[in-house]
>>> print(open('query_5.txt').read())   # compact mmCIF, C-alpha atoms
# COMPACT_ATOMS: atom_id res chain seq x y z
CA GLY Z 10 -8.36 -28.15 17.59
CA GLY Z 11 -6.87 -31.65 17.48
CA THR Z 12 -8.45 -34.58 15.64
CA GLY Z 13 -9.89 -36.08 18.81
CA GLY Z 14 -11.59 -32.79 19.75
CA THR Z 15 -15.25 -32.72 20.78
CA MET Z 16 -17.76 -31.16 18.42
CA ALA Z 17 -19.17 -27.85 19.56
CA ASP Z 18 -22.74 -28.22 20.81
CA LEU Z 19 -24.71 -26.07 18.41
CA SER Z 20 -28.10 -26.89 19.95
CA GLU Z 21 -27.50 -24.11 22.49
CA VAL Z 22 -26.83 -21.44 19.84
CA PRO Z 23 -29.78 -19.19 18.90
CA VAL Z 24 -31.08 -19.74 15.35
CA ALA Z 25 -30.49 -16.13 14.33
CA ALA Z 26 -26.83 -16.36 15.34
CA LEU Z 27 -26.41 -19.63 13.44
CA LEU Z 28 -28.00 -18.24 10.28
CA GLU Z 29 -25.90 -15.10 10.50
CA GLU Z 30 -22.73 -17.17 10.75
CA VAL Z 31 -23.79 -19.42 7.84
CA GLU Z 32 -24.51 -16.33 5.72
CA ARG Z 33 -21.14 -14.84 6.68
CA ARG Z 34 -19.38 -18.06 5.63
CA LEU Z 35 -21.22 -18.17 2.31
CA ARG Z 36 -20.22 -14.56 1.64
CA CYS Z 37 -16.68 -15.46 2.68
CA ALA Z 38 -16.55 -18.30 0.19
CA GLU Z 39 -16.93 -15.75 -2.61
CA LYS Z 40 -14.34 -13.30 -1.32
CA PRO Z 41 -10.99 -13.13 -3.08
CA GLU Z 42 -8.00 -14.26 -1.04
CA LYS Z 43 -6.14 -11.38 0.59
CA ARG Z 44 -2.91 -11.23 2.53
CA LEU Z 45 -2.48 -7.88 4.21
CA ILE Z 46 0.00 -6.08 6.38
CA LEU Z 47 -1.06 -3.20 8.64
CA VAL Z 48 1.61 -0.59 9.30
CA GLY Z 49 1.23 2.50 11.43
CA PRO Z 50 2.70 4.43 14.32
CA PRO Z 51 1.52 3.90 17.90
CA GLY Z 52 -1.83 5.65 18.31
CA ALA Z 53 -2.80 5.60 14.63
CA GLY Z 54 -5.90 3.49 15.29
CA LYS Z 55 -4.86 0.21 13.63
CA GLY Z 56 -6.42 -1.64 16.56
CA THR Z 57 -9.79 -0.01 15.91
CA GLN Z 58 -9.82 -1.04 12.26
CA SER Z 59 -8.35 -4.53 12.32
CA PRO Z 60 -11.40 -6.37 13.81
CA ALA Z 61 -13.61 -4.91 11.07
CA ILE Z 62 -11.12 -5.82 8.34
CA LYS Z 63 -10.97 -9.36 9.72
CA LYS Z 64 -14.75 -9.76 9.81
CA ASP Z 65 -15.72 -7.96 6.59
CA HIS Z 66 -13.02 -9.56 4.47
CA CYS Z 67 -13.03 -13.00 6.12
CA LEU Z 68 -9.39 -12.96 7.13
CA CYS Z 69 -7.64 -14.16 10.24
CA HIS Z 70 -5.98 -11.52 12.40
CA LEU Z 71 -2.36 -12.25 13.22
CA ALA Z 72 -0.92 -10.03 15.93
CA THR Z 73 2.63 -11.24 16.41
CA GLY Z 74 2.66 -10.64 20.18
CA ASP Z 75 -0.52 -12.70 20.66
CA MET Z 76 0.77 -15.47 18.38
CA LEU Z 77 4.04 -15.71 20.27
CA ARG Z 78 2.20 -15.96 23.58
CA ALA Z 79 -0.18 -18.59 22.14
CA ALA Z 80 2.71 -20.66 20.75
CA VAL Z 81 4.49 -20.51 24.12
CA ALA Z 82 1.28 -21.50 25.95
CA ALA Z 83 0.61 -24.38 23.53
CA LYS Z 84 4.25 -25.55 23.95
CA THR Z 85 4.71 -25.98 20.20
CA PRO Z 86 8.34 -26.64 19.18
CA LEU Z 87 8.69 -23.02 18.05
CA GLY Z 88 6.87 -21.83 21.17
CA LEU Z 89 9.41 -23.60 23.38
CA GLN Z 90 12.26 -21.96 21.44
CA ALA Z 91 10.59 -18.56 21.81
CA LYS Z 92 10.12 -19.15 25.54
CA GLN Z 93 13.83 -19.90 25.97
CA ALA Z 94 14.76 -16.74 24.09
CA MET Z 95 12.38 -14.57 26.12
CA GLU Z 96 13.50 -16.07 29.43
CA SER Z 97 17.15 -15.45 28.64
CA GLY Z 98 16.23 -11.84 27.77
CA ALA Z 99 17.16 -12.34 24.11
CA LEU Z 100 15.03 -11.03 21.28
CA VAL Z 101 12.96 -13.68 19.52
CA SER Z 102 14.69 -14.16 16.17
CA ASP Z 103 13.04 -13.15 12.90
CA ASP Z 104 13.22 -16.76 11.68
CA LEU Z 105 11.33 -17.90 14.74
CA VAL Z 106 8.57 -15.32 14.31
CA VAL Z 107 8.23 -16.14 10.61
CA GLY Z 108 8.03 -19.82 11.58
CA ILE Z 109 5.24 -19.08 14.03
CA ILE Z 110 3.38 -17.11 11.34
CA LYS Z 111 3.85 -20.05 8.96
CA ASP Z 112 2.26 -22.37 11.55
CA ALA Z 113 -0.55 -19.92 12.30
CA ILE Z 114 -1.65 -19.45 8.69
CA LYS Z 115 -2.37 -23.19 8.40
CA ALA Z 116 -5.50 -22.63 10.53
CA PRO Z 117 -8.80 -23.02 8.62
CA GLU Z 118 -9.85 -19.40 9.29
CA CYS Z 119 -6.69 -18.24 7.52
CA ARG Z 120 -7.63 -20.12 4.36
CA THR Z 121 -8.84 -16.97 2.62
CA GLY Z 122 -5.97 -14.88 3.88
CA PHE Z 123 -4.78 -12.90 6.86
CA VAL Z 124 -4.12 -9.49 8.35
CA LEU Z 125 -0.62 -9.20 9.82
CA ASP Z 126 -0.45 -6.59 12.53
CA GLY Z 127 2.83 -5.43 14.05
CA PHE Z 128 5.06 -7.42 11.68
CA PRO Z 129 7.21 -7.03 9.62
CA ARG Z 130 8.81 -4.05 11.35
CA THR Z 131 12.14 -4.18 9.55
CA LEU Z 132 13.31 -4.78 6.00
CA ALA Z 133 14.98 -8.07 7.01
CA GLN Z 134 11.69 -9.30 8.48
CA ALA Z 135 9.80 -8.32 5.32
CA GLN Z 136 12.28 -10.26 3.16
CA LYS Z 137 12.03 -13.38 5.36
CA LEU Z 138 8.23 -13.20 5.34
CA ASP Z 139 8.19 -12.88 1.53
CA GLU Z 140 10.51 -15.90 1.16
CA MET Z 141 8.32 -18.04 3.41
CA LEU Z 142 5.12 -17.03 1.56
CA ALA Z 143 6.77 -17.58 -1.84
CA ARG Z 144 7.58 -21.16 -0.81
CA GLN Z 145 3.85 -21.59 -0.11
CA GLY Z 146 3.01 -20.14 -3.52
CA THR Z 147 1.46 -16.97 -2.09
CA GLN Z 148 2.50 -13.39 -1.43
CA ILE Z 149 1.49 -10.21 0.37
CA ASP Z 150 -1.27 -8.49 -1.62
CA LYS Z 151 -1.58 -5.10 0.07
CA VAL Z 152 0.09 -3.07 2.75
CA LEU Z 153 -2.22 -0.61 4.50
CA SER Z 154 -0.13 2.22 5.86
CA PHE Z 155 -2.03 4.13 8.54
CA GLU Z 156 -0.64 7.64 8.38
CA VAL Z 157 -1.13 10.35 10.96
CA PRO Z 158 1.01 13.49 11.14
CA ASP Z 159 3.42 13.28 14.07
CA HIS Z 160 2.15 16.48 15.67
CA VAL Z 161 -1.37 15.00 15.82
CA LEU Z 162 -0.10 11.83 17.52
CA VAL Z 163 1.92 13.89 19.99
CA GLU Z 164 -1.16 15.99 20.81
CA ARG Z 165 -3.32 12.87 21.27
CA VAL Z 166 -0.86 11.39 23.76
CA VAL Z 167 0.22 14.49 25.63
CA GLY Z 168 -3.36 15.55 26.37
CA ARG Z 169 -4.34 12.20 27.93
CA TRP Z 170 -5.44 11.99 31.57
CA ILE Z 171 -6.28 8.64 33.19
CA HIS Z 172 -8.44 7.57 36.13
CA PRO Z 173 -6.27 4.67 37.35
CA ALA Z 174 -8.93 2.80 39.37
CA SER Z 175 -11.41 2.46 36.47
CA GLY Z 176 -9.14 2.84 33.44
CA ARG Z 177 -11.30 5.73 32.17
CA SER Z 178 -9.32 8.08 30.00
CA TYR Z 179 -9.90 11.71 29.12
CA HIS Z 180 -8.26 14.16 26.81
CA GLU Z 181 -7.91 17.78 27.84
CA LYS Z 182 -8.87 18.93 24.34
CA PHE Z 183 -10.88 16.13 22.67
CA ALA Z 184 -12.72 14.54 25.62
CA PRO Z 185 -12.22 16.71 28.69
CA PRO Z 186 -13.56 15.86 32.15
CA LYS Z 187 -16.29 18.19 33.47
CA VAL Z 188 -13.82 19.55 36.02
CA PRO Z 189 -10.18 19.79 34.87
CA LYS Z 190 -8.00 16.90 36.15
CA VAL Z 191 -10.90 15.28 38.06
CA ASP Z 192 -12.79 12.05 37.20
CA ASP Z 193 -16.44 12.74 36.24
CA ILE Z 194 -17.87 9.83 38.22
CA THR Z 195 -15.83 9.47 41.38
CA GLY Z 196 -14.33 12.94 41.71
CA ASP Z 197 -10.90 11.30 42.13
CA PRO Z 198 -7.89 13.18 40.79
CA LEU Z 199 -6.76 12.12 37.30
CA VAL Z 200 -3.15 11.21 36.57
CA LYS Z 201 -0.86 11.31 33.57
CA ARG Z 202 0.99 8.16 32.50
CA LYS Z 203 4.73 8.52 32.82
CA ASP Z 204 5.23 7.76 29.11
CA ASP Z 205 2.53 10.18 27.95
CA ASN Z 206 4.93 13.05 27.39
CA ALA Z 207 6.18 14.72 24.24
CA GLU Z 208 9.80 13.53 24.53
CA THR Z 209 8.87 9.85 24.88
CA ILE Z 210 6.32 9.83 22.08
CA LYS Z 211 8.62 11.78 19.73
CA ALA Z 212 11.41 9.28 20.36
CA ARG Z 213 9.02 6.36 19.70
CA LEU Z 214 7.80 7.98 16.49
CA ALA Z 215 11.33 8.66 15.28
CA ALA Z 216 12.22 4.99 15.89
CA PHE Z 217 9.04 3.88 14.14
CA HIS Z 218 9.71 5.99 11.04
CA ALA Z 219 13.37 4.93 10.81
CA GLN Z 220 12.45 1.23 11.06
CA THR Z 221 9.30 1.20 9.01
CA ALA Z 222 10.17 3.47 6.08
CA PRO Z 223 12.28 0.70 4.46
CA VAL Z 224 9.40 -1.80 4.88
CA VAL Z 225 6.97 0.56 3.15
CA GLY Z 226 9.62 1.16 0.46
CA HIS Z 227 10.09 -2.58 -0.02
CA TYR Z 228 6.36 -3.06 -0.71
CA LYS Z 229 5.96 0.25 -2.52
CA HIS Z 230 3.82 -1.16 -5.35
CA LYS Z 231 1.43 -2.70 -2.82
CA VAL Z 232 1.11 0.16 -0.34
CA VAL Z 233 -2.17 1.98 0.16
CA HIS Z 234 -1.80 5.18 2.14
CA ILE Z 235 -4.65 5.53 4.65
CA LYS Z 236 -5.24 9.00 6.09
CA ALA Z 237 -5.81 7.77 9.63
CA ASP Z 238 -6.31 11.14 11.32
CA ARG Z 239 -9.90 11.24 9.99
CA PRO Z 240 -12.96 10.06 11.97
CA ALA Z 241 -13.10 6.25 12.37
CA GLN Z 242 -15.87 5.82 9.76
CA LYS Z 243 -13.92 7.81 7.16
CA VAL Z 244 -10.87 5.65 7.88
CA ALA Z 245 -12.99 2.51 7.49
CA ASP Z 246 -14.28 3.79 4.13
CA GLN Z 247 -10.71 4.26 2.88
CA VAL Z 248 -9.80 0.76 4.05
CA ASN Z 249 -12.80 -0.79 2.32
CA SER Z 250 -12.14 0.95 -0.98
CA ALA Z 251 -8.48 -0.15 -0.78
CA LEU Z 252 -9.57 -3.76 -0.35
CA LYS Z 253 -12.25 -3.88 -3.07
>>> encode(input="query_5.txt", output="structure tokens")
Amino acid sequence: GGTGGTMADLSEVPVAALLEEVERRLRCAEKPEKRLILVGPPGAGKGTQSPAIKKDHCLCHLATGDMLRAAVAAKTPLGLQAKQAMESGALVSDDLVVGIIKDAIKAPECRTGFVLDGFPRTLAQAQKLDEMLARQGTQIDKVLSFEVPDHVLVERVVGRWIHPASGRSYHEKFAPPKVPKVDDITGDPLVKRKDDNAETIKARLAAFHAQTAPVVGHYKHKVVHIKADRPAQKVADQVNSALK
């Protein structure tokens, strides 16, 4: 917050929660700095892992979409530029996104490092990010590449059935409803999302691989390959050993 901000009233916070947070911060003070990039196709489970990485390794989580929206909402100079670009239907330039990342990593919770999620997606973006970090005297330490065979991702998506009113989702193979194509609770018919078909997901995966392969190549000495088609706990174990 700004300099004239009000202090948070801690008298309302339970003692256990305060002590837990103090302990977490003391542990954080001893953690090595880490600057990470998460790479992975849609559906690889990056979203499941990133909150844990953030908490366990005391890093701030930078999702470029969220940061852009926050910068626009806060009307920062870069946010206003981004807003103009988005309103005119133009893509937000790489320089602008890197500028917003540069602003974001000044926050106190980013002191010990960050997890970048969803950026860089192209080689040009990776080079611009590296240049900006080099000027700050830092660099990317590790790139966690969440890898799931395409056929597994296709199967995950194509088998999905949704109950639109509640948002409940089922999978005909992995989490089927009691009665095929019917919601367990309401008995309403389930629907398929328009994009949840093999053609769409295969096209998205092809685009992802074409764009991202050069990024992974660029950071090849820093990449850790995470087998992300394992159960969540096994994936978390791989992540933790990569970040030791």
>>> atom_distance(input="query_5.txt", atom1="atom CA of Z:Asp192", atom2="atom CA of Z:Gly168")
14.8 Å
>>> closest_residue(input="query_5.txt", among="Z:Asp197, Z:Asp75, Z:Glu164, Z:Glu181", to="Z:Ile210", atoms="all atoms listed in the file")
Z:Glu164
>>> atom_distance(input="query_5.txt", atom1="atom CA of Z:Gln58", atom2="atom CA of Z:His227")
23.4 Å
>>> closest_residue(input="query_5.txt", among="Z:Val152, Z:Val191, Z:Ala215, Z:Lys243", to="Z:Lys229", atoms="only C-alpha atoms")
Z:Val152
>>> residues_near_point(input="query_5.txt", point="(-4.0, -11.7, 14.6)", cutoff="8 Å", atoms="only C-alpha atoms", output="mmCIF file with C-alpha atoms, in the frame of the given file")
data_model
loop_
_atom_site.group_PDB
_atom_site.id
_atom_site.type_symbol
_atom_site.label_atom_id
_atom_site.label_comp_id
_atom_site.auth_asym_id
_atom_site.auth_seq_id
_atom_site.Cartn_x
_atom_site.Cartn_y
_atom_site.Cartn_z
ATOM 1 C CA CYS Z 69 -7.640 -14.160 10.240
ATOM 2 C CA HIS Z 70 -5.980 -11.520 12.400
ATOM 3 C CA LEU Z 71 -2.360 -12.250 13.220
ATOM 4 C CA ALA Z 72 -0.920 -10.030 15.930
ATOM 5 C CA THR Z 73 2.630 -11.240 16.410
ATOM 6 C CA ASP Z 75 -0.520 -12.700 20.660
ATOM 7 C CA MET Z 76 0.770 -15.470 18.380
ATOM 8 C CA PHE Z 123 -4.780 -12.900 6.860
ATOM 9 C CA VAL Z 124 -4.120 -9.490 8.350
ATOM 10 C CA LEU Z 125 -0.620 -9.200 9.820
ATOM 11 C CA ASP Z 126 -0.450 -6.590 12.530
#
>>> atom_distance(input="query_5.txt", atom1="atom CA of Z:Val233", atom2="atom CA of Z:Pro158")
16.2 Å
>>> closest_residue(input="query_5.txt", among="Z:Arg165, Z:Arg130, Z:His172, Z:Lys64", to="Z:Leu47", atoms="all atoms listed in the file")
Z:Arg130
>>> residues_near_point(input="query_5.txt", point="(11.3, -4.7, 0.9)", cutoff="8 Å", atoms="only C-alpha atoms", output="PyMOL selection string")
chain Z and resi 132-133+135-136+223-228
>>> closest_residue(input="query_5.txt", among="Z:Glu21, Z:Gln220, Z:Thr147, Z:Pro240", to="Z:Thr121", atoms="only C-alpha atoms")
Z:Thr147
>>> closest_residue(input="query_5.txt", among="Z:Ala53, Z:Ala216, Z:Asp65, Z:Ile46", to="Z:Lys231", atoms="all atoms listed in the file")
Z:Ile46
>>> closest_residue(input="query_5.txt", among="Z:Ala17, Z:Val24, Z:His234, Z:Val107", to="Z:Pro129", atoms="all atoms listed in the file")
Z:Val107
>>> axis_aligned_box(input="query_5.txt", around="stretch 59-75 of chain Z", padding_each_side="8 Å", output="JSON")
{"center_x": -6.5, "center_y": -9.3, "center_z": 12.6, "size_x": 34.4, "size_y": 25.6, "size_z": 32.2}
>>> residues_around(input="query_5.txt", residues="Z:Leu77", least_positions_apart="5", cutoff="9 Å", atoms="all atoms listed in the file", output="ChimeraX atom specification")
/Z:72,82,87-88,91-92,106,109
>>> closest_atom_pairs(input="query_5.txt", of="stretch 127-224 of chain Z", to="stretch 110-119 of chain Z", cutoff="9 Å", atoms="all atoms listed in the file", output="Markdown table")
| residue | atom | partner | partner_atom | distance |
| --- | --- | --- | --- | --- |
| Z:Leu138 | CA | Z:Ile110 | CA | 8.6 |
| Z:Met141 | CA | Z:Lys111 | CA | 7.4 |
| Z:Leu142 | CA | Z:Lys111 | CA | 8.1 |
>>> residues_around(input="query_5.txt", residues="Z:Arg44", least_positions_apart="6", cutoff="6 Å", atoms="all atoms listed in the file", output="list in words")
Gly122, Phe123, Ile149 and Asp150 of chain Z
